[in-house]
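Everything below concerns the one structure shown next.
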Amino acid sequence: MKLFVTDYDGTLFIDEINLAINRKKLLELHKLGFIITISTGRSFKSIRKQLEEHNLYYDYIHCADGSIIYDNKDNLINFFEIEHSIVNEILKLKEKAIIEDIQISYPLEYKNIYNKNDKIAGINLVIKSELIDKNFVLEFMNLKEKYPNYNFLFYDHGDYAYLCVKKEYVNKACAIKFMQDLLQISKDNIYVIGDSFNDLEMIMEYNGVSIIGNSDVNKKSKKVYHQVYEYVNDIKEDLSIKIK
C-alpha cells in the first residue's frame, strides 16, 4: 500500500487546464493502489466543495493544516482539539490590531463566531499584509511562553498574513503520521508534494517535493516541479523501474 499526499491551492490546483491533467493522474495512482489524500489549510466544507465541483478523486482529506481528518464517506476520522482558554486569549488580543477576519476551526468549517460548547481545532487571525504591526506579531508569538504546548505561527502570503494557533505537534506531517499508523504504510511508500510554508513539515519529514515558486520551500524539498502530474509521472516511472 502506498500513500500520495498533495496540497490543494497552489499545488494540485494552479489553473483549470493543468487541474484536468492532475485529475487523470490521481486516478492513475488510485488504480495502482495508492491512497489519495488532499492536505489543505481549508475547512472541510470548503475543500469538499472544491473536490466535488472538479470531480477529483480522493480517499482522505486533511483539513485545517492537518488538524482535522475526514474520509471519502464524510466520516470524521481524527480531530486535534485545543483548549477554549487559548481561544479567549486570542480573541482578547485581536482588539489590538486591524483584523480582516477571524477563522475559528470547527469540525466542518471556519467561523468567525465563537461557540464555547463546540470542539475547536485552531484559530487564525487574518490581517492585510500592509497593515501588519511587528509589535503585535511579537506579542502574539510570545504567547508561546504562556502556552508551551501550542504553536503560534505567522505566515505572510503577500496580500494577507495569517497568525495561527494550534497544538504544538499538529501540522500536515502529523496528520500523515496518523495515516501512516492507521493504514500501516511504510514511510518509504509515502509521497508528498506542496508549495508553501504550511507544507514544509510534511515535505521535510517525508522527503517530499514542491511546486516551483517559494524559494525557501523549494530549497528544502527533494525536487521541484511545475505541476503535480510531472511528479506523478516520475513516481510511475520509478515504480516501473523497480518492478523490472
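Please note that chains go A, B, ... in the order of the C-alpha cells, that every chain numbers its residues from 1, and that ligands are numbered from 1 in the order shown.
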Item to check | Asn214 of chain A surroundings by only C-alpha atoms, 9 Å radius, close-in-sequence under 5 positions cut, as number ranges by chain | outcome: A: 195-197, 219
Next on the checklist: What's around Ile47 of chain A at 9 Å? Count only C-alpha atoms, leave out sequence neighbours fewer than 4 positions away in its own chain, and write the answer as a VMD selection string.
Outcome noted: chain A and resid 8 38 40 to 43 51 to 52 61 63
Item to check | Coordinates-based distance that separates atom CA of Gly194 of chain A from atom CA of Ile14 of chain A (Å, one decimal) | outcome: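 According to the coordinates, atom CA of Ile14 of chain A and atom CA of Gly194 of chain A are separated by 11.6 Å.
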Could you pull out the residues in segment 58-244 of chain A that DSSP calls strand (DSSP E) from the backbone, as an mmCIF file with C-alpha atoms, in the first residue's frame?
```
data_model
loop_
_atom_site.group_PDB
_atom_site.id
_atom_site.type_symbol
_atom_site.label_atom_id
_atom_site.label_comp_id
_atom_site.auth_asym_id
_atom_site.auth_seq_id
_atom_site.Cartn_x
_atom_site.Cartn_y
_atom_site.Cartn_z
ATOM 1 C CA TYR A 60 -8.939 11.172 2.690
ATOM 2 C CA ILE A 61 -8.882 14.903 3.355
ATOM 3 C CA HIS A 62 -6.610 16.585 5.893
ATOM 4 C CA CYS A 63 -8.223 19.934 6.737
ATOM 5 C CA ILE A 68 -8.962 17.546 11.090
ATOM 6 C CA ILE A 69 -9.163 14.342 9.029
ATOM 7 C CA TYR A 70 -12.131 13.027 7.019
ATOM 8 C CA ASP A 71 -12.519 10.010 4.755
ATOM 9 C CA LEU A 76 -14.645 12.383 10.825
ATOM 10 C CA ILE A 77 -11.540 10.241 11.397
ATOM 11 C CA ASN A 78 -9.479 12.451 13.691
ATOM 12 C CA PHE A 79 -9.704 15.854 15.372
ATOM 13 C CA ASP A 101 -11.142 38.107 9.510
ATOM 14 C CA ILE A 102 -11.160 35.589 12.365
ATOM 15 C CA GLN A 103 -11.156 31.915 11.453
ATOM 16 C CA ILE A 104 -12.125 29.558 14.259
ATOM 17 C CA SER A 105 -11.689 25.991 13.109
ATOM 18 C CA TYR A 110 -14.208 28.026 9.812
ATOM 19 C CA LYS A 111 -16.475 30.503 11.591
ATOM 20 C CA GLY A 122 -7.416 26.080 15.990
ATOM 21 C CA ILE A 123 -7.843 29.778 15.425
ATOM 22 C CA ASN A 124 -6.422 32.105 12.762
ATOM 23 C CA LEU A 125 -6.289 35.873 12.640
ATOM 24 C CA VAL A 126 -6.232 37.231 9.091
ATOM 25 C CA ILE A 127 -4.635 40.639 8.540
ATOM 26 C CA LYS A 128 -3.862 42.574 5.385
ATOM 27 C CA TYR A 150 0.878 25.192 21.419
ATOM 28 C CA ASN A 151 2.365 26.516 18.219
ATOM 29 C CA PHE A 152 1.986 30.176 17.328
ATOM 30 C CA LEU A 153 2.619 30.603 13.613
ATOM 31 C CA PHE A 154 2.929 33.594 11.323
ATOM 32 C CA TYR A 155 2.530 33.276 7.547
ATOM 33 C CA ASP A 156 2.677 36.256 5.187
ATOM 34 C CA TYR A 160 -2.773 38.668 3.585
ATOM 35 C CA ALA A 161 -0.930 37.434 6.654
ATOM 36 C CA TYR A 162 -2.149 34.690 8.990
ATOM 37 C CA LEU A 163 -1.452 34.337 12.697
ATOM 38 C CA CYS A 164 -2.359 30.780 13.578
ATOM 39 C CA VAL A 165 -2.678 28.773 16.783
ATOM 40 C CA LYS A 166 -2.831 25.007 17.072
ATOM 41 C CA LYS A 167 -1.437 22.265 19.255
ATOM 42 C CA ILE A 190 4.615 7.840 1.247
ATOM 43 C CA TYR A 191 4.859 10.571 -1.407
ATOM 44 C CA VAL A 192 4.107 14.235 -0.679
ATOM 45 C CA ILE A 193 4.019 17.496 -2.621
ATOM 46 C CA GLY A 194 3.243 21.079 -1.591
ATOM 47 C CA VAL A 209 8.856 17.595 -3.349
ATOM 48 C CA SER A 210 7.469 21.051 -4.037
ATOM 49 C CA ILE A 211 5.910 23.223 -6.698
ATOM 50 C CA VAL A 224 10.943 20.976 -7.653
ATOM 51 C CA TYR A 225 8.152 20.609 -10.216
#
```
Next on the checklist: Considering only C-alpha atoms, can you say which of A:Lys177, A:Lys220, A:Lys31, A:Lys172 comes closest to Asp65 of chain A?
Outcome noted: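 Counting only C-alpha atoms, the residue closest to Asp65 of chain A is A:Lys172.
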Next on the checklist: When you count only C-alpha atoms, which of these residues is closest to Ile21 of chain A: A:His54, A:Thr37, A:Leu239, A:Ala173?
Outcome noted: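 Closest to Ile21 of chain A, using only C-alpha atoms: A:His54.
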Next on the checklist: Under the rule that only C-alpha atoms are counted, which of A:Ile185, A:Lys116, A:Glu89, A:Glu95 is the nearest residue to Leu143 of chain A?
Outcome noted: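 For Leu143 of chain A, the nearest of the candidates is A:Glu89.
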Checklist entry - In Å to one decimal, how far is atom CA of Asp188 of chain A from atom CA of Ser215 of chain A? => result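 Interatomic distance here is 25.5 Å.
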Checklist entry - From the set A:Asn171, A:Asn135, A:Asn198, A:Gln227, which residue has the shortest atom-to-atom contact distance to Leu19 of chain A, counting only C-alpha atoms? => result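 Answer, going by the shortest atom-to-atom distance: A:Gln227.
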Item to check | Residue nearest Val137 of chain A among A:Lys94, A:Ile120, A:Tyr106, A:Asp234 (counting only C-alpha atoms) | outcome: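 Once distances to Val137 of chain A are computed over only C-alpha atoms, the minimum belongs to A:Lys94.
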Next on the checklist: Between A:Phe4, A:Leu138, A:Lys119, A:Asp159, which residue has the minimum interatomic distance to Phe34 of chain A, considering only C-alpha atoms?
Outcome noted: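 Nearest candidate to Phe34 of chain A out of A:Phe4, A:Leu138, A:Lys119, A:Asp159: A:Phe4.
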Item to check | alpha helix (DSSP H) positions in segment 60-210 of chain A, given as a ChimeraX atom specification | outcome: /A:84-93,134-141,172-183,200-205
Next on the checklist: Report, in Å to a single decimal, how far apart atom CA of Ile203 of chain A and atom CA of Lys134 of chain A are.
Outcome noted: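 Distance between the two atoms: 28.5 Å.
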